[in-house]
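S.K.: Contents of target.csv (CSV, C-alpha atoms) are below:
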chain,number,residue,atom,x,y,z
U,1,MET,CA,118.6,354.6,-19.7
U,2,ILE,CA,118.7,357.3,-22.5
U,3,THR,CA,117.6,356.5,-26.0
U,4,VAL,CA,118.1,358.5,-29.2
U,5,SER,CA,116.1,357.8,-32.4
U,6,GLY,CA,115.1,359.7,-35.5
U,7,ARG,CA,117.5,360.6,-38.3
U,8,THR,CA,120.6,359.2,-36.7
U,9,ALA,CA,122.5,358.1,-39.8
U,10,THR,CA,124.5,361.4,-40.2
U,11,HIS,CA,125.4,361.5,-36.5
U,12,ARG,CA,126.3,357.9,-35.8
U,13,GLU,CA,130.0,358.6,-35.3
U,14,THR,CA,129.2,361.2,-32.7
U,15,LEU,CA,126.7,358.9,-31.0
U,16,ARG,CA,129.3,356.1,-31.1
U,17,ARG,CA,132.0,358.3,-29.5
U,18,MET,CA,129.5,359.2,-26.7
U,19,GLY,CA,129.3,355.5,-25.8
U,20,GLY,CA,126.1,354.7,-27.6
U,21,ARG,CA,125.0,351.3,-28.7
U,22,TRP,CA,123.0,350.8,-31.9
U,23,HIS,CA,120.0,348.5,-31.8
U,24,ASN,CA,119.3,347.5,-35.4
U,25,ALA,CA,116.0,345.7,-34.9
U,26,GLU,CA,114.4,348.6,-33.0
U,27,LYS,CA,116.3,351.4,-34.9
U,28,TYR,CA,117.6,353.5,-31.9
U,29,TRP,CA,120.8,354.2,-29.9
U,30,SER,CA,120.9,353.6,-26.2
U,31,PHE,CA,123.2,355.2,-23.5
U,32,ASP,CA,123.8,354.0,-20.0
U,33,ARG,CA,124.7,357.5,-18.9
U,34,LEU,CA,125.3,361.0,-20.5
U,35,ASN,CA,126.1,364.3,-18.8
U,36,LYS,CA,123.9,367.3,-19.0
U,37,ASP,CA,125.9,369.0,-21.7
U,38,GLN,CA,125.8,365.9,-23.9
U,39,ILE,CA,122.1,365.5,-23.5
U,40,ALA,CA,121.6,369.2,-24.3
U,41,THR,CA,123.8,368.8,-27.4
U,42,LEU,CA,121.7,365.9,-28.6
U,43,ARG,CA,118.4,367.6,-27.9
U,44,ALA,CA,119.6,370.6,-30.0
U,45,THR,CA,120.5,368.5,-33.0
U,46,VAL,CA,117.9,368.7,-35.7
U,47,GLY,CA,116.3,365.3,-36.5
U,48,LEU,CA,117.2,363.5,-33.2
U,49,ILE,CA,114.6,362.4,-30.7
U,50,VAL,CA,116.0,362.0,-27.1
U,51,ALA,CA,114.1,360.1,-24.4
U,52,GLU,CA,115.3,359.6,-20.8
U,53,GLY,CA,114.3,356.9,-18.4
U,54,VAL,CA,112.7,354.5,-20.9
U,55,GLU,CA,113.0,350.8,-20.7
U,56,ARG,CA,114.5,349.0,-23.6
U,57,PRO,CA,111.7,347.5,-25.7
U,58,LYS,CA,111.5,343.8,-26.1
U,59,PRO,CA,113.1,342.5,-29.3
U,60,LYS,CA,110.7,342.0,-32.2
U,61,PRO,CA,110.0,338.4,-33.2
U,62,GLU,CA,112.2,337.0,-36.0
U,63,PRO,CA,110.6,337.7,-39.4
U,64,LYS,CA,109.2,334.8,-41.4
U,65,PRO,CA,111.2,333.7,-44.4
U,66,GLY,CA,110.8,336.0,-47.4
U,67,ILE,CA,111.5,339.7,-48.1
U,68,ASP,CA,111.0,342.0,-45.2
U,69,PHE,CA,110.4,345.2,-47.2
U,70,ALA,CA,109.7,347.3,-44.1
U,71,ALA,CA,113.0,346.4,-42.5
U,72,LEU,CA,114.9,347.0,-45.8
U,73,ILE,CA,113.3,350.5,-46.3
U,74,ALA,CA,113.9,351.5,-42.6
U,75,ALA,CA,117.6,350.4,-42.9
U,76,LEU,CA,118.1,352.3,-46.1
U,77,GLN,CA,116.6,355.4,-44.5
U,78,ASP,CA,119.2,355.1,-41.7
U,79,GLU,CA,121.9,353.9,-44.1
U,80,THR,CA,122.4,350.8,-42.0
U,81,PRO,CA,123.8,347.9,-43.9
U,82,VAL,CA,121.5,344.9,-44.0
U,83,ARG,CA,123.0,341.4,-44.2
U,84,VAL,CA,120.7,338.4,-44.4
U,85,THR,CA,122.3,334.9,-44.2
U,86,ASN,CA,120.8,331.6,-45.4
U,87,SER,CA,120.1,329.1,-42.7
U,88,ARG,CA,120.8,326.1,-44.9
U,89,PRO,CA,124.4,325.1,-45.7
U,90,ALA,CA,125.6,325.8,-49.2
U,91,THR,CA,125.6,323.1,-51.9
U,92,VAL,CA,129.3,322.9,-52.9
U,93,TYR,CA,130.4,322.3,-56.5
U,94,GLY,CA,134.0,322.0,-57.9
U,95,ASP,CA,137.1,320.5,-56.6
U,96,ASP,CA,138.1,323.1,-53.9
U,97,PRO,CA,135.8,324.1,-51.0
U,98,THR,CA,138.7,325.9,-49.2
U,99,TYR,CA,137.0,329.3,-49.3
U,100,LEU,CA,133.4,328.3,-48.4
U,101,ASN,CA,132.0,330.8,-45.9
U,102,ARG,CA,135.1,332.8,-45.9
U,103,PHE,CA,133.3,335.8,-47.4
U,104,ALA,CA,131.0,338.3,-45.8
U,105,ASP,CA,127.7,336.7,-47.0
U,106,GLN,CA,127.4,333.3,-45.3
U,107,ASN,CA,125.8,330.1,-46.6
U,108,PRO,CA,125.1,330.9,-50.2
U,109,SER,CA,122.6,328.6,-52.0
U,110,ALA,CA,125.5,327.3,-54.2
U,111,PHE,CA,129.3,327.6,-53.7
U,112,PHE,CA,131.7,326.9,-56.6
U,113,GLY,CA,135.3,326.4,-55.7
U,114,PHE,CA,138.1,325.5,-58.2
U,115,SER,CA,141.8,325.0,-57.6
U,116,GLY,CA,142.6,326.5,-61.0
U,117,LEU,CA,141.2,328.1,-64.2
U,118,GLY,CA,141.5,324.8,-66.0
U,119,LYS,CA,139.3,323.0,-63.4
U,120,LEU,CA,136.5,325.6,-64.0
U,121,ILE,CA,136.8,325.1,-67.7
U,122,SER,CA,136.5,321.4,-67.3
U,123,TYR,CA,133.4,321.8,-65.2
U,124,ILE,CA,131.7,323.9,-67.9
U,125,GLU,CA,132.8,321.6,-70.7
U,126,ALA,CA,131.2,318.6,-68.9
U,127,LEU,CA,127.8,320.2,-68.5
U,128,PRO,CA,125.0,318.2,-70.4
U,129,ALA,CA,123.3,319.5,-73.5
U,130,ASP,CA,120.0,320.2,-71.9
U,131,ILE,CA,121.7,322.9,-69.7
U,132,VAL,CA,124.0,324.2,-72.5
U,133,TYR,CA,121.2,324.8,-74.9
U,134,ASP,CA,118.6,326.1,-72.4
U,135,PRO,CA,117.8,329.7,-73.5
U,136,GLY,CA,116.8,330.6,-70.0
U,137,ARG,CA,120.3,330.2,-68.7
U,138,ALA,CA,123.0,332.9,-69.1
U,139,GLY,CA,126.5,332.4,-70.3
U,140,TRP,CA,126.2,330.2,-73.4
U,141,GLY,CA,124.1,332.4,-75.9
U,142,THR,CA,125.7,333.8,-79.0
U,143,GLN,CA,124.1,337.2,-78.5
U,144,ASP,CA,126.0,340.2,-77.0
U,145,ALA,CA,129.3,338.9,-78.4
U,146,GLU,CA,131.1,342.3,-78.0
U,147,TRP,CA,129.9,342.6,-74.4
U,148,CYS,CA,131.1,339.0,-73.6
U,149,GLY,CA,134.4,339.4,-75.5
U,150,SER,CA,133.7,336.2,-77.5
U,151,ALA,CA,131.1,335.0,-80.0
U,152,ASN,CA,130.1,331.9,-78.0
U,153,MET,CA,131.3,329.6,-75.2
U,154,PRO,CA,133.5,327.4,-77.4
U,155,GLU,CA,135.4,330.5,-78.5
U,156,ALA,CA,135.8,331.7,-74.9
U,157,ILE,CA,137.1,328.3,-73.9
U,158,SER,CA,139.6,328.3,-76.8
U,159,ILE,CA,140.9,331.7,-75.8
U,160,ALA,CA,141.3,330.6,-72.1
U,161,ARG,CA,143.0,327.4,-73.0
U,162,ASP,CA,145.3,328.7,-75.8
U,163,GLY,CA,146.1,332.0,-74.0
U,164,TRP,CA,144.6,335.4,-74.6
U,165,HIS,CA,147.5,336.7,-76.7
U,166,ASP,CA,146.3,340.3,-77.1
U,167,GLY,CA,145.8,340.6,-73.4
U,168,VAL,CA,149.1,339.1,-72.5
U,169,GLU,CA,151.0,341.3,-75.0
U,170,GLN,CA,149.3,344.4,-73.5
U,171,ALA,CA,150.1,343.1,-70.0
U,172,LEU,CA,153.8,342.5,-70.8
U,173,ALA,CA,154.1,346.1,-72.1
U,174,ILE,CA,152.5,347.4,-68.9
U,175,ILE,CA,154.5,345.2,-66.6
U,176,ASP,CA,157.7,346.2,-68.3
U,177,ARG,CA,156.9,349.8,-67.3
U,178,LEU,CA,155.8,348.9,-63.8
U,179,THR,CA,158.8,346.8,-63.0
U,180,LEU,CA,160.9,349.8,-63.6
U,181,GLU,CA,159.5,351.0,-60.3
U,182,SER,CA,161.0,349.6,-57.1
U,183,PRO,CA,159.0,348.3,-54.1
U,184,ARG,CA,160.2,349.6,-50.7
U,185,VAL,CA,159.3,347.9,-47.4
U,186,ARG,CA,157.6,350.5,-45.3
U,187,ARG,CA,159.9,352.1,-42.8
U,188,ARG,CA,159.3,353.6,-39.4
U,189,LYS,CA,157.6,356.9,-39.5
U,190,PRO,CA,157.4,359.9,-37.1
U,191,SER,CA,154.1,360.2,-35.4
U,192,LEU,CA,152.3,361.7,-32.4
U,193,ALA,CA,152.0,358.3,-30.9
U,194,GLY,CA,154.2,355.2,-31.1
U,195,GLY,CA,156.3,352.7,-29.3
U,196,GLN,CA,159.7,354.5,-29.4
U,197,VAL,CA,160.8,358.1,-28.8
U,198,SER,CA,163.0,360.0,-31.3
U,199,VAL,CA,165.1,362.0,-28.9
U,200,GLY,CA,166.3,364.5,-31.6
U,201,ARG,CA,162.8,365.3,-32.6
U,202,MET,CA,161.7,365.6,-29.0
U,203,LEU,CA,164.5,368.0,-28.1
U,204,ALA,CA,163.7,370.1,-31.2
U,205,GLY,CA,160.1,370.5,-30.0
U,206,ASP,CA,158.6,368.5,-32.8
U,207,PRO,CA,155.2,367.1,-31.6
U,208,ALA,CA,155.7,364.1,-33.9
U,209,HIS,CA,158.6,362.8,-31.9
U,210,MET,CA,157.3,359.3,-31.5
U,211,ILE,CA,158.3,356.5,-33.9
U,212,ARG,CA,155.5,354.4,-35.4
U,213,ARG,CA,156.3,351.2,-37.3
U,214,PRO,CA,153.6,350.2,-39.8
U,215,ARG,CA,152.1,346.8,-38.9
U,216,GLN,CA,153.6,343.9,-40.9
U,217,PRO,CA,151.9,340.7,-41.7
U,218,GLY,CA,152.5,337.7,-39.4
U,219,SER,CA,153.7,335.6,-42.3
U,220,LYS,CA,155.5,336.3,-45.6
U,221,VAL,CA,152.9,334.0,-47.2
U,222,ILE,CA,150.1,336.3,-48.2
U,223,THR,CA,146.8,336.0,-50.1
U,224,PHE,CA,145.1,338.4,-52.5
U,225,PHE,CA,141.4,338.1,-52.9
U,226,VAL,CA,140.4,339.9,-56.2
U,227,GLU,CA,136.9,340.6,-57.3
U,228,ALA,CA,136.2,339.3,-60.8
U,229,GLY,CA,132.9,341.2,-61.2
U,230,CYS,CA,132.7,344.7,-62.7
U,231,SER,CA,130.2,347.2,-63.8
U,232,GLY,CA,129.2,347.1,-67.5
U,233,SER,CA,130.5,350.7,-67.8
U,234,ILE,CA,134.1,349.7,-67.0
U,235,ARG,CA,136.1,349.6,-70.3
U,236,ALA,CA,137.9,346.4,-71.4
U,237,ASP,CA,141.2,348.2,-71.6
U,238,THR,CA,140.8,349.3,-68.0
U,239,LEU,CA,140.4,345.7,-66.9
U,240,VAL,CA,143.6,344.8,-68.8
U,241,ILE,CA,145.5,347.5,-67.0
U,242,ARG,CA,144.1,346.3,-63.7
U,243,ALA,CA,145.0,342.7,-64.3
U,244,ALA,CA,148.5,343.6,-65.4
U,245,ALA,CA,149.0,345.9,-62.4
U,246,ILE,CA,148.0,343.0,-60.1
U,247,GLY,CA,150.5,340.7,-61.9
U,248,ALA,CA,153.2,343.3,-61.5
U,249,MET,CA,152.4,343.9,-57.9
U,250,VAL,CA,152.6,340.2,-57.1
U,251,ASP,CA,155.9,339.9,-59.1
U,252,LEU,CA,157.5,342.8,-57.3
U,253,MET,CA,156.4,341.5,-53.9
U,254,GLU,CA,157.8,338.1,-54.5
U,255,ASN,CA,161.1,339.7,-55.6
U,256,VAL,CA,161.4,341.1,-52.1
U,257,GLY,CA,160.7,337.8,-50.3
U,258,TYR,CA,156.9,337.5,-50.2
U,259,SER,CA,155.1,334.4,-51.5
U,260,CYS,CA,151.6,335.2,-52.9
U,261,THR,CA,148.3,333.3,-53.4
U,262,ILE,CA,145.8,334.9,-55.8
U,263,VAL,CA,142.1,334.0,-55.6
U,264,THR,CA,139.5,335.6,-57.9
U,265,VAL,CA,136.0,335.8,-56.4
U,266,ASP,CA,132.5,336.5,-57.7
U,267,THR,CA,129.5,336.7,-55.3
U,268,SER,CA,125.8,337.4,-55.9
U,269,ILE,CA,122.8,338.1,-53.7
U,270,GLY,CA,119.1,338.2,-54.4
U,271,MET,CA,116.5,340.9,-54.0
U,272,ASP,CA,115.9,339.7,-50.4
U,273,ARG,CA,119.7,340.2,-49.9
U,274,ARG,CA,120.2,336.5,-49.2
U,275,PRO,CA,123.5,335.1,-50.6
U,276,ILE,CA,122.8,332.9,-53.6
U,277,TYR,CA,125.9,332.3,-55.6
U,278,GLN,CA,129.7,332.4,-54.9
U,279,LEU,CA,132.7,331.5,-57.0
U,280,ALA,CA,136.3,331.2,-55.9
U,281,VAL,CA,139.0,330.2,-58.3
U,282,THR,CA,142.6,330.0,-57.2
U,283,LEU,CA,144.8,331.5,-60.0
U,284,LYS,CA,148.1,331.1,-58.1
U,285,GLU,CA,149.2,329.3,-55.0
U,286,ALA,CA,152.0,330.5,-52.8
U,287,GLY,CA,155.3,329.1,-54.1
U,288,GLU,CA,154.1,328.7,-57.7
U,289,ARG,CA,155.2,330.9,-60.5
U,290,LEU,CA,152.7,333.4,-61.8
U,291,ASN,CA,150.8,332.1,-64.8
U,292,LEU,CA,150.2,335.4,-66.7
U,293,PRO,CA,147.8,334.0,-69.3
U,294,ASP,CA,145.5,332.6,-66.7
U,295,LEU,CA,145.7,335.8,-64.6
U,296,MET,CA,145.0,338.0,-67.6
U,297,PHE,CA,142.0,336.0,-68.7
U,298,ALA,CA,140.4,335.7,-65.3
U,299,LEU,CA,140.9,339.3,-64.3
U,300,GLY,CA,141.0,341.1,-67.7
U,301,HIS,CA,138.9,339.3,-70.2
U,302,PRO,CA,135.1,339.8,-70.2
U,303,SER,CA,134.4,336.2,-71.0
U,304,PHE,CA,135.6,335.0,-67.6
U,305,LEU,CA,132.7,336.8,-65.8
U,306,ARG,CA,130.1,337.0,-68.6
U,307,ARG,CA,130.5,333.5,-69.8
U,308,PHE,CA,132.3,331.3,-67.4
U,309,SER,CA,131.0,332.7,-64.1
U,310,PHE,CA,127.5,333.2,-65.5
U,311,ALA,CA,127.5,329.7,-66.9
U,312,ALA,CA,128.5,328.1,-63.6
U,313,CYS,CA,125.9,330.1,-61.8
U,314,SER,CA,123.1,329.1,-64.2
U,315,SER,CA,124.1,325.4,-64.2
U,316,VAL,CA,122.5,324.3,-60.9
U,317,PRO,CA,118.9,324.3,-59.6
U,318,GLU,CA,119.9,326.1,-56.3
U,319,THR,CA,120.4,329.4,-58.3
U,320,GLN,CA,117.5,329.2,-60.6
U,321,ARG,CA,116.0,332.5,-59.6
U,322,ILE,CA,119.0,334.3,-60.9
U,323,TRP,CA,119.8,332.3,-64.0
U,324,ARG,CA,118.9,335.2,-66.2
U,325,ASP,CA,119.9,338.4,-64.3
U,326,GLN,CA,122.7,336.8,-62.1
U,327,GLY,CA,121.4,338.7,-59.1
U,328,SER,CA,123.2,341.7,-57.6
U,329,PRO,CA,127.0,341.7,-56.9
U,330,SER,CA,128.1,341.9,-53.3
U,331,ASN,CA,131.5,342.6,-51.7
U,332,SER,CA,133.4,339.6,-50.6
U,333,PHE,CA,134.7,341.5,-47.6
U,334,ASP,CA,133.7,344.7,-45.8
U,335,ASP,CA,134.3,346.5,-42.5
U,336,GLU,CA,132.0,344.1,-40.6
U,337,HIS,CA,133.7,341.0,-42.2
U,338,PRO,CA,137.2,341.9,-43.1
U,339,CYS,CA,139.7,339.5,-44.6
U,340,GLY,CA,142.1,337.7,-42.2
U,341,LYS,CA,145.7,338.2,-41.2
U,342,SER,CA,148.1,338.3,-44.1
U,343,GLU,CA,145.2,338.5,-46.5
U,344,PHE,CA,144.4,341.5,-48.7
U,345,TYR,CA,141.3,342.4,-50.7
U,346,ILE,CA,141.1,344.1,-54.1
U,347,PRO,CA,137.5,345.2,-54.7
U,348,VAL,CA,135.9,346.0,-58.0
U,349,LEU,CA,136.8,349.2,-59.8
U,350,THR,CA,134.3,352.1,-59.7
U,351,ASP,CA,133.4,354.5,-62.4
U,352,ARG,CA,135.0,357.3,-60.4
U,353,GLN,CA,138.3,355.4,-60.2
U,354,GLN,CA,138.3,354.7,-63.9
U,355,SER,CA,137.8,358.4,-64.6
U,356,SER,CA,140.8,359.3,-62.4
U,357,LEU,CA,143.2,357.0,-64.3
U,358,THR,CA,146.0,358.5,-66.3
U,359,ASP,CA,148.2,357.0,-69.1
U,360,ASP,CA,150.7,356.0,-66.5
U,361,PRO,CA,150.0,352.4,-65.3
U,362,LEU,CA,151.5,353.4,-61.9
U,363,SER,CA,148.2,355.3,-61.3
U,364,MET,CA,146.3,352.0,-61.5
U,365,LEU,CA,148.8,350.4,-59.0
U,366,ALA,CA,148.1,353.3,-56.6
U,367,ILE,CA,144.3,352.7,-56.9
U,368,ILE,CA,144.3,348.9,-56.4
U,369,THR,CA,147.1,348.5,-53.8
U,370,PRO,CA,145.5,347.7,-50.4
U,371,ALA,CA,146.3,350.4,-47.8
U,372,THR,CA,147.7,347.9,-45.3
U,373,LEU,CA,150.0,346.2,-47.8
U,374,PRO,CA,153.5,345.9,-46.1
U,375,VAL,CA,155.2,347.0,-49.3
U,376,GLN,CA,154.8,350.4,-50.9
U,377,PHE,CA,155.6,351.1,-54.6
U,378,ALA,CA,157.5,354.2,-55.6
U,379,LYS,CA,159.6,355.4,-58.5
U,380,ASP,CA,163.2,354.2,-58.6
U,381,GLU,CA,165.3,357.3,-58.0
U,382,ARG,CA,168.6,355.7,-58.9
Show how you would write the structure in this file as structure tokens.
M.R.:
Amino acid sequence: MITVSGRTATHRETLRRMGGRWHNAEKYWSFDRLNKDQIATLRATVGLIVAEGVERPKPKPEPKPGIDFAALIAALQDETPVRVTNSRPATVYGDDPTYLNRFADQNPSAFFGFSGLGKLISYIEALPADIVYDPGRAGWGTQDAEWCGSANMPEAISIARDGWHDGVEQALAIIDRLTLESPRVRRRKPSLAGGQVSVGRMLAGDPAHMIRRPRQPGSKVITFFVEAGCSGSIRADTLVIRAAAIGAMVDLMENVGYSCTIVTVDTSIGMDRRPIYQLAVTLKEAGERLNLPDLMFALGHPSFLRRFSFAACSSVPETQRIWRDQGSPSNSFDDEHPCGKSEFYIPVLTDRQQSSLTDDPLSMLAIITPATLPVQFAKDER
């Protein structure tokens, strides 16, 4: 057996193409066989250590519970993602456990599932006074009113129940512009590989003479998972445009025959990278009409995250270690744990994406639209 260790992070795609297998615990790549040229190439690569004829070391014993700083540092040096799961099942709160353990981080300390925004509000309103007035818990305090988008929790609840009129008005103006665009179902495209030959292209000598049809979902009932969290540097007006663009995207897709479910998600991990808190609120079920006020508040108003989600997180003992700082946000889905068939993931906006936005709302739609969505959005040329 041949092993390769050292600074492998920048060469992992090459190592993977050569047939290597990555051993995360021991931090090396192994190969059953390599030819002389491949071995010579690896030996000539700066930073790589190649050893031949070595036995695979025995796996290290499982670390004891707690923070394994050595493993975290080693993984960061090799840019290898670390995911630590809790062994105990999550404590479930709310009325809807549908999405428990559907996300990348498994077995959070506490999972909150709600079948609608109103159910989440009712849960917060029912919390006892000793929780509401505890200064050690985030979400209820009157400080940081501008950052939270409301002076206090009662005002946030009032906005959510009565409708966030400013946000809805802005959204309607944006949707009016976006609905002038027409969605087009993706058509077959010429490609170097595919399931059908274009005879005309082949006779003309065009190398892209095969026809590739983009993969379509197995069902016309689809689900959008939308991250509710965002960086404090993302502007409020950017969140409004994002929420409105999602509403327009759903509206346009349903106009061409798709039925959409929208679930907003907020997930947090601790310093030891163990999942602590997860929230999933269904804003729209397939077959229901889009409730724009609920959508705009949950995806566009700061109080949903910085009051409602924070308050839910800090309401139970399982999450006590992140009552104040709310832990670190994590991605609900990633390459190792993608969403399922007929499901699409809209992650948080980044500062770079915000800086690339223009005054045209269609630029936001281009940023948030999942690459595999079976409908593409283009300007109406009629």
S.K.: Rank U:Asn291, U:Thr238, U:Ser158, U:Thr223 by their smallest atom-to-atom distance to U:Ile346, using all atoms listed in the file, and report the top residue only.
M.R.: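 Closest to U:Ile346, using all atoms listed in the file: U:Thr223.
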S.K.: Using only C-alpha atoms, pick whichever of U:Gly287, U:Pro128, U:Gly300, U:Gly167 has the shortest atom-to-atom distance to U:Ala228.
M.R.: U:Gly300
S.K.: Counting only C-alpha atoms, find the residues whose atoms lie at most 8 Å from (130.8, 331.1, -75.1) (file coordinates) and write them out as a PyMOL selection string.
M.R.: chain U and resi 139-142+150-157+303+307-308
S.K.: Could you save those same residues with C-alpha atoms as a short mmCIF file (atom, residue, chain, number, x, y, z; two decimals), in the coordinates of the input?
M.R.:
data_model
loop_
_atom_site.label_atom_id
_atom_site.label_comp_id
_atom_site.auth_asym_id
_atom_site.auth_seq_id
_atom_site.Cartn_x
_atom_site.Cartn_y
_atom_site.Cartn_z
CA GLY U 139 126.50 332.40 -70.30
CA TRP U 140 126.20 330.20 -73.40
CA GLY U 141 124.10 332.40 -75.90
CA THR U 142 125.70 333.80 -79.00
CA SER U 150 133.70 336.20 -77.50
CA ALA U 151 131.10 335.00 -80.00
CA ASN U 152 130.10 331.90 -78.00
CA MET U 153 131.30 329.60 -75.20
CA PRO U 154 133.50 327.40 -77.40
CA GLU U 155 135.40 330.50 -78.50
CA ALA U 156 135.80 331.70 -74.90
CA ILE U 157 137.10 328.30 -73.90
CA SER U 303 134.40 336.20 -71.00
CA ARG U 307 130.50 333.50 -69.80
CA PHE U 308 132.30 331.30 -67.40
#
S.K.: With only C-alpha atoms as the basis for distance, which of U:Pro361, U:Pro374, U:Pro302, U:Pro347 is at the shortest distance from U:Met253?
M.R.: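 Answer, going by the shortest atom-to-atom distance: U:Pro374.
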S.K.: Excluding stretch 117-121 of chain U and residues on its chain fewer than 4 positions from it, collect all residues at most 8 Å away from it, counting only C-alpha atoms, and give them as a PyMOL selection string.
M.R.: chain U and resi 94-95+125+157+161+281-283+294+298+308
S.K.: So, counting only C-alpha atoms, which residue among U:Val250, U:Ser259, U:Arg17, U:Phe103 is closest to U:Glu336?
M.R.: U:Phe103
S.K.: Contacts of U:Ala171 at 9 Å or less, counting only C-alpha atoms, minus same-chain residues fewer than 4 places along, as an mmCIF file with C-alpha atoms, keeping the file's coordinate frame?
M.R.:
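Listing of selection16.cif after writing:
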data_model
loop_
_atom_site.group_PDB
_atom_site.id
_atom_site.type_symbol
_atom_site.label_atom_id
_atom_site.label_comp_id
_atom_site.auth_asym_id
_atom_site.auth_seq_id
_atom_site.Cartn_x
_atom_site.Cartn_y
_atom_site.Cartn_z
ATOM 1 C CA ASP U 166 146.300 340.300 -77.100
ATOM 2 C CA GLY U 167 145.800 340.600 -73.400
ATOM 3 C CA ILE U 175 154.500 345.200 -66.600
ATOM 4 C CA ASP U 176 157.700 346.200 -68.300
ATOM 5 C CA VAL U 240 143.600 344.800 -68.800
ATOM 6 C CA ILE U 241 145.500 347.500 -67.000
ATOM 7 C CA ALA U 243 145.000 342.700 -64.300
ATOM 8 C CA ALA U 244 148.500 343.600 -65.400
ATOM 9 C CA ALA U 245 149.000 345.900 -62.400
ATOM 10 C CA GLY U 247 150.500 340.700 -61.900
ATOM 11 C CA LEU U 292 150.200 335.400 -66.700
ATOM 12 C CA MET U 296 145.000 338.000 -67.600
#
S.K.: Here is a test: counting only C-alpha atoms, which residue of U:Ser5, U:Arg88, U:His23, U:Gln354 is nearest to U:Gly47?
M.R.: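 Looking only at the distances to U:Gly47, the closest residue turns out to be U:Ser5.
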S.K.: My list of candidates is U:Glu26, U:Asp272, U:Glu254, U:Glu146. Which is closest to U:Val84 when distances are computed with all atoms listed in the file?
M.R.: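 Closest candidate: U:Asp272.
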S.K.: Could you please determine the separation between atom CA of U:Pro135 and atom CA of U:Gln320 in Å, to one decimal place?
M.R.: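 Value for the atom CA of U:Pro135-atom CA of U:Gln320 distance: 12.9 Å.
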S.K.: Excluding U:Tyr93 and its own-chain neighbours fewer than 4 positions away, which residues fall within 7 Å of it when counting only C-alpha atoms? Please give them as a ChimeraX atom specification.
M.R.: /U:111-113
S.K.: Report, in Å to a single decimal, how far apart atom CA of U:His301 and atom CA of U:Cys148 are.
M.R.: 8.5 Å
S.K.: Go ahead and compute the interatomic distance for atom CA of U:Ser309 and atom CA of U:His165, in Å to one decimal.
M.R.: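 About the pair atom CA of U:Ser309 and atom CA of U:His165: they are 21.1 Å apart.
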S.K.: If you count only C-alpha atoms, which residues fall within 7 Å of U:Ser109, apart from same-chain ones fewer than 5 positions away, as a ChimeraX atom specification?
M.R.: /U:90-91,275-277,318-319
S.K.: Box for stretch 228-239 of chain U: with edges along x, y and z, all listed atoms inside and 4 Å added on each side, what are the centre and edge lengths in Å to one decimal, as JSON?
M.R.:
{"center_x": 135.2, "center_y": 345.0, "center_z": -66.2, "size_x": 20.0, "size_y": 19.4, "size_z": 18.8}
S.K.: Tell me, as a PDB file with C-alpha atoms, in the coordinates of the input, which residues lie within 10 Å of stretch 357-360 of chain U, counting all atoms listed in the file; anything in the same chain fewer than 6 positions away does not count.
M.R.:
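Okay, this is what ended up in out-v4.pdb:
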ATOM      1  CA  ILE U 174     152.500 347.400 -68.900  1.00  0.00           C
ATOM      2  CA  ARG U 177     156.900 349.800 -67.300  1.00  0.00           C
ATOM      3  CA  LEU U 178     155.800 348.900 -63.800  1.00  0.00           C
ATOM      4  CA  THR U 238     140.800 349.300 -68.000  1.00  0.00           C
ATOM      5  CA  ILE U 241     145.500 347.500 -67.000  1.00  0.00           C
ATOM      6  CA  ALA U 366     148.100 353.300 -56.600  1.00  0.00           C
ATOM      7  CA  ILE U 367     144.300 352.700 -56.900  1.00  0.00           C
TER       8      ILE U 367
END
